[in-house]
file run05.txt (compact mmCIF, C-alpha atoms and all ligand atoms)
# COMPACT_ATOMS: atom_id res chain seq x y z
CA MET L 1148 14.73 27.20 11.54
CA ASN L 1149 11.22 28.44 11.87
CA MET L 1150 7.74 27.86 10.57
CA GLU L 1151 8.06 30.56 7.91
CA HIS L 1152 10.97 28.76 6.24
CA ILE L 1153 9.00 25.54 6.06
CA GLU L 1154 5.92 27.33 4.78
CA THR L 1155 7.98 28.81 1.95
CA LEU L 1156 9.29 25.37 1.00
CA LEU L 1157 5.82 23.85 1.10
CA GLU L 1158 4.61 26.44 -1.43
CA LYS L 1159 6.93 24.89 -3.99
CA LYS L 1160 5.51 22.31 -6.41
CA GLU L 1161 8.15 19.69 -5.61
CA PHE L 1162 6.94 19.56 -2.04
CA HIS L 1163 3.29 19.07 -2.91
CA CYS L 1164 1.42 15.80 -2.34
CA PRO L 1165 2.54 13.03 -4.76
CA VAL L 1166 -0.97 11.58 -4.78
CA CYS L 1167 -3.13 14.59 -5.65
CA GLY L 1168 -0.76 17.54 -6.05
CA ASN L 1169 -2.24 19.55 -3.23
CA ARG L 1170 -0.16 21.51 -0.82
CA ARG L 1171 1.17 19.68 2.23
CA TYR L 1172 1.29 21.09 5.73
CA VAL L 1173 3.30 20.48 8.87
CA THR L 1174 1.70 17.90 11.13
CA ASP L 1175 4.56 17.31 13.53
CA HIS L 1176 8.02 18.59 14.26
CA GLY L 1177 11.08 18.05 16.39
CA HIS L 1178 14.31 20.05 16.46
CA HIS L 1179 15.46 19.48 12.87
CA GLU L 1180 12.80 17.15 11.70
CA TRP L 1181 9.46 18.13 10.24
CA THR L 1182 6.68 15.82 9.20
CA VAL L 1183 4.28 17.04 6.55
CA HIS L 1184 1.09 15.55 5.13
CA CYS L 1185 -1.38 16.35 2.36
CA SER L 1186 -3.87 19.10 3.19
CA SER L 1187 -6.53 17.78 0.80
CA ALA L 1188 -9.95 16.77 2.15
CA GLU L 1189 -9.47 13.38 0.46
CA ALA L 1190 -6.53 12.65 2.77
CA ARG L 1191 -8.42 13.48 5.96
CA PHE L 1192 -9.20 9.87 6.80
CA TRP L 1193 -10.65 10.81 10.17
CA ASP L 1194 -13.49 12.60 8.36
CA PHE L 1195 -14.64 9.33 6.78
CA GLU L 1196 -16.72 6.63 8.36
CA ARG L 1197 -14.60 4.01 10.07
CA GLY L 1198 -14.03 0.72 8.29
CA THR L 1199 -15.28 1.95 4.93
CA MET L 1200 -13.41 1.72 1.64
CA ALA L 1201 -13.43 5.52 1.45
CA GLN L 1202 -11.67 5.72 4.79
CA ARG L 1203 -9.07 3.14 3.78
CA MET L 1204 -8.32 5.08 0.63
CA ALA L 1205 -8.05 8.32 2.56
CA MET L 1206 -5.70 6.70 5.03
CA GLN L 1207 -3.54 5.41 2.19
CA HIS L 1208 -3.51 8.89 0.68
CA TRP L 1209 -2.49 10.32 4.06
CA ASP L 1210 0.33 7.79 4.49
CA GLN L 1211 1.62 8.28 0.97
CA SER L 1212 1.67 12.04 1.39
CA ARG L 1213 3.83 11.78 4.50
CA LEU L 1214 7.22 13.38 4.13
CA GLU L 1215 9.91 13.93 6.72
CA LEU L 1216 12.16 16.90 6.27
CA PHE L 1217 15.49 17.06 8.01
CA PHE L 1218 17.00 20.47 7.86
CA THR L 1219 19.64 22.61 9.33
CA VAL L 1220 19.15 26.33 9.07
CA GLU L 1221 21.97 26.42 6.51
CA ASP L 1222 20.16 23.89 4.31
CA VAL L 1223 17.05 25.97 4.28
CA LEU L 1224 18.84 29.21 3.49
CA ARG L 1225 20.63 27.49 0.60
CA LYS L 1226 17.33 26.18 -0.79
CA LEU L 1227 15.74 29.58 -0.58
CA GLU L 1228 18.47 31.32 -2.59
ZN ZN C 1 -2.92 14.52 -1.52
call {"tool": "encode", "arguments": {"input": "run05.txt", "output": "structure tokens", "more": "lines below"}}
Ligand SMILES: [Zn+2]
result
Amino acid sequence: MNMEHIETLLEKKEFHCPVCGNRRYVTDHGHHEWTVHCSSAEARFWDFERGTMAQRMAMQHWDQSRLELFFTVEDVLRKLE
């Protein structure tokens, strides 16, 4: 299981952000567990001023775009077929 496999999956529409439809990217990973989030500027809550409505909305966007992927190498190969 490597980064290239995940990148290929994330290209697919069904793995895009449910909020805005933008591509998601890997923000954290363990052995068989990958966390992805929206790559859109609107989800980058840390770019907004703290305590503002805009920041709250961005944070919500970020949370809603969170997806955890649990894969074995076999799972990934099957999906890529
Ligand atoms: Zn999004």
call {"tool": "residues_near_ligand", "arguments": {"input": "run05.txt", "ligand": "ligand ZN 1 (chain C)", "cutoff": "8 Å", "atoms": "only C-alpha atoms and all ligand atoms", "output": "list in words"}}
result
His1163, Cys1164, Pro1165, Val1166, Cys1167, Gly1168, Asn1169, Arg1170, Arg1171, His1184, Cys1185, Ser1186, Ser1187, Glu1189, Ala1190, His1208, Trp1209 and Ser1212 of chain L
call {"tool": "residues_around", "arguments": {"input": "run05.txt", "residues": "L:Trp1193", "least_positions_apart": "6", "cutoff": "10 Å", "atoms": "all atoms listed in the file", "output": "PyMOL selection string"}}
result
chain L and resi 1202+1205-1206
call {"tool": "residues_around", "arguments": {"input": "run05.txt", "residues": "L:Thr1174", "least_positions_apart": "6", "cutoff": "8 Å", "atoms": "all atoms listed in the file", "output": "list in words"}}
result
Trp1181, Thr1182, Val1183 and His1184 of chain L
call {"tool": "atom_distance", "arguments": {"input": "run05.txt", "atom1": "atom CA of L:Leu1157", "atom2": "atom CA of L:Met1204"}}
result
23.5 Å
call {"tool": "closest_residue", "arguments": {"input": "run05.txt", "among": "L:Arg1225, L:Phe1192, L:Gly1198, L:Tyr1172", "to": "L:Asp1210", "atoms": "all atoms listed in the file"}}
result
L:Phe1192
call {"tool": "build_atoms", "arguments": {"input": "run05.txt", "residues": "stretch 1154-1178 of chain L", "atoms": "N, CA, C and O atoms", "output": "PDB file, in the frame of the given file"}}
result
ATOM      1  N   GLU L1154       7.079  26.909   5.571  1.00  0.00           N
ATOM      2  CA  GLU L1154       5.920  27.330   4.780  1.00  0.00           C
ATOM      3  C   GLU L1154       6.342  27.733   3.365  1.00  0.00           C
ATOM      4  O   GLU L1154       5.655  27.428   2.399  1.00  0.00           O
ATOM      5  N   THR L1155       7.486  28.400   3.260  1.00  0.00           N
ATOM      6  CA  THR L1155       7.980  28.810   1.950  1.00  0.00           C
ATOM      7  C   THR L1155       8.324  27.600   1.091  1.00  0.00           C
ATOM      8  O   THR L1155       8.017  27.549  -0.093  1.00  0.00           O
ATOM      9  N   LEU L1156       8.947  26.595   1.732  1.00  0.00           N
ATOM     10  CA  LEU L1156       9.290  25.370   1.000  1.00  0.00           C
ATOM     11  C   LEU L1156       8.033  24.651   0.533  1.00  0.00           C
ATOM     12  O   LEU L1156       7.955  24.150  -0.584  1.00  0.00           O
ATOM     13  N   LEU L1157       7.046  24.602   1.409  1.00  0.00           N
ATOM     14  CA  LEU L1157       5.820  23.850   1.100  1.00  0.00           C
ATOM     15  C   LEU L1157       5.000  24.488  -0.018  1.00  0.00           C
ATOM     16  O   LEU L1157       4.157  23.841  -0.622  1.00  0.00           O
ATOM     17  N   GLU L1158       5.274  25.777  -0.304  1.00  0.00           N
ATOM     18  CA  GLU L1158       4.610  26.440  -1.430  1.00  0.00           C
ATOM     19  C   GLU L1158       5.097  25.874  -2.754  1.00  0.00           C
ATOM     20  O   GLU L1158       4.401  25.925  -3.757  1.00  0.00           O
ATOM     21  N   LYS L1159       6.314  25.365  -2.753  1.00  0.00           N
ATOM     22  CA  LYS L1159       6.930  24.890  -3.990  1.00  0.00           C
ATOM     23  C   LYS L1159       6.313  23.577  -4.460  1.00  0.00           C
ATOM     24  O   LYS L1159       6.042  22.696  -3.664  1.00  0.00           O
ATOM     25  N   LYS L1160       6.145  23.478  -5.786  1.00  0.00           N
ATOM     26  CA  LYS L1160       5.510  22.310  -6.410  1.00  0.00           C
ATOM     27  C   LYS L1160       6.151  20.985  -5.999  1.00  0.00           C
ATOM     28  O   LYS L1160       5.455  19.995  -5.794  1.00  0.00           O
ATOM     29  N   GLU L1161       7.479  20.958  -5.902  1.00  0.00           N
ATOM     30  CA  GLU L1161       8.150  19.690  -5.610  1.00  0.00           C
ATOM     31  C   GLU L1161       7.873  19.176  -4.197  1.00  0.00           C
ATOM     32  O   GLU L1161       8.171  18.035  -3.887  1.00  0.00           O
ATOM     33  N   PHE L1162       7.279  20.003  -3.380  1.00  0.00           N
ATOM     34  CA  PHE L1162       6.940  19.560  -2.040  1.00  0.00           C
ATOM     35  C   PHE L1162       5.448  19.253  -1.890  1.00  0.00           C
ATOM     36  O   PHE L1162       4.978  18.937  -0.814  1.00  0.00           O
ATOM     37  N   HIS L1163       4.723  19.356  -2.981  1.00  0.00           N
ATOM     38  CA  HIS L1163       3.290  19.070  -2.910  1.00  0.00           C
ATOM     39  C   HIS L1163       3.022  17.569  -2.839  1.00  0.00           C
ATOM     40  O   HIS L1163       3.901  16.750  -3.105  1.00  0.00           O
ATOM     41  N   CYS L1164       1.814  17.205  -2.500  1.00  0.00           N
ATOM     42  CA  CYS L1164       1.420  15.800  -2.340  1.00  0.00           C
ATOM     43  C   CYS L1164       1.632  15.012  -3.635  1.00  0.00           C
ATOM     44  O   CYS L1164       1.182  15.433  -4.700  1.00  0.00           O
ATOM     45  N   PRO L1165       2.306  13.842  -3.556  1.00  0.00           N
ATOM     46  CA  PRO L1165       2.540  13.030  -4.760  1.00  0.00           C
ATOM     47  C   PRO L1165       1.264  12.348  -5.258  1.00  0.00           C
ATOM     48  O   PRO L1165       1.200  11.907  -6.395  1.00  0.00           O
ATOM     49  N   VAL L1166       0.272  12.260  -4.408  1.00  0.00           N
ATOM     50  CA  VAL L1166      -0.970  11.580  -4.780  1.00  0.00           C
ATOM     51  C   VAL L1166      -1.897  12.516  -5.562  1.00  0.00           C
ATOM     52  O   VAL L1166      -2.376  12.179  -6.644  1.00  0.00           O
ATOM     53  N   CYS L1167      -2.134  13.708  -5.032  1.00  0.00           N
ATOM     54  CA  CYS L1167      -3.130  14.590  -5.650  1.00  0.00           C
ATOM     55  C   CYS L1167      -2.586  15.955  -6.047  1.00  0.00           C
ATOM     56  O   CYS L1167      -3.268  16.737  -6.683  1.00  0.00           O
ATOM     57  N   GLY L1168      -1.346  16.263  -5.658  1.00  0.00           N
ATOM     58  CA  GLY L1168      -0.760  17.540  -6.050  1.00  0.00           C
ATOM     59  C   GLY L1168      -1.144  18.722  -5.180  1.00  0.00           C
ATOM     60  O   GLY L1168      -0.751  19.853  -5.461  1.00  0.00           O
ATOM     61  N   ASN L1169      -1.898  18.456  -4.138  1.00  0.00           N
ATOM     62  CA  ASN L1169      -2.240  19.550  -3.230  1.00  0.00           C
ATOM     63  C   ASN L1169      -1.069  19.896  -2.314  1.00  0.00           C
ATOM     64  O   ASN L1169      -0.152  19.108  -2.121  1.00  0.00           O
ATOM     65  N   ARG L1170      -1.187  21.031  -1.729  1.00  0.00           N
ATOM     66  CA  ARG L1170      -0.160  21.510  -0.820  1.00  0.00           C
ATOM     67  C   ARG L1170      -0.136  20.621   0.431  1.00  0.00           C
ATOM     68  O   ARG L1170      -1.166  20.149   0.889  1.00  0.00           O
ATOM     69  N   ARG L1171       1.070  20.400   0.966  1.00  0.00           N
ATOM     70  CA  ARG L1171       1.170  19.680   2.230  1.00  0.00           C
ATOM     71  C   ARG L1171       1.362  20.678   3.365  1.00  0.00           C
ATOM     72  O   ARG L1171       1.697  21.831   3.130  1.00  0.00           O
ATOM     73  N   TYR L1172       1.123  20.219   4.565  1.00  0.00           N
ATOM     74  CA  TYR L1172       1.290  21.090   5.730  1.00  0.00           C
ATOM     75  C   TYR L1172       1.982  20.333   6.847  1.00  0.00           C
ATOM     76  O   TYR L1172       1.987  19.101   6.876  1.00  0.00           O
ATOM     77  N   VAL L1173       2.549  21.083   7.773  1.00  0.00           N
ATOM     78  CA  VAL L1173       3.300  20.480   8.870  1.00  0.00           C
ATOM     79  C   VAL L1173       2.345  19.867   9.883  1.00  0.00           C
ATOM     80  O   VAL L1173       1.431  20.524  10.378  1.00  0.00           O
ATOM     81  N   THR L1174       2.548  18.575  10.151  1.00  0.00           N
ATOM     82  CA  THR L1174       1.700  17.900  11.130  1.00  0.00           C
ATOM     83  C   THR L1174       2.449  17.565  12.406  1.00  0.00           C
ATOM     84  O   THR L1174       1.826  17.220  13.409  1.00  0.00           O
ATOM     85  N   ASP L1175       3.778  17.636  12.338  1.00  0.00           N
ATOM     86  CA  ASP L1175       4.560  17.310  13.530  1.00  0.00           C
ATOM     87  C   ASP L1175       5.974  17.836  13.332  1.00  0.00           C
ATOM     88  O   ASP L1175       6.455  17.896  12.211  1.00  0.00           O
ATOM     89  N   HIS L1176       6.620  18.212  14.411  1.00  0.00           N
ATOM     90  CA  HIS L1176       8.020  18.590  14.260  1.00  0.00           C
ATOM     91  C   HIS L1176       8.823  18.447  15.534  1.00  0.00           C
ATOM     92  O   HIS L1176       8.319  18.572  16.633  1.00  0.00           O
ATOM     93  N   GLY L1177      10.098  18.122  15.303  1.00  0.00           N
ATOM     94  CA  GLY L1177      11.080  18.050  16.390  1.00  0.00           C
ATOM     95  C   GLY L1177      12.060  19.182  16.175  1.00  0.00           C
ATOM     96  O   GLY L1177      11.701  20.204  15.600  1.00  0.00           O
ATOM     97  N   HIS L1178      13.334  18.974  16.573  1.00  0.00           N
ATOM     98  CA  HIS L1178      14.310  20.050  16.460  1.00  0.00           C
ATOM     99  C   HIS L1178      14.682  20.335  15.001  1.00  0.00           C
ATOM    100  O   HIS L1178      14.625  21.474  14.556  1.00  0.00           O
TER     101      HIS L1178
END
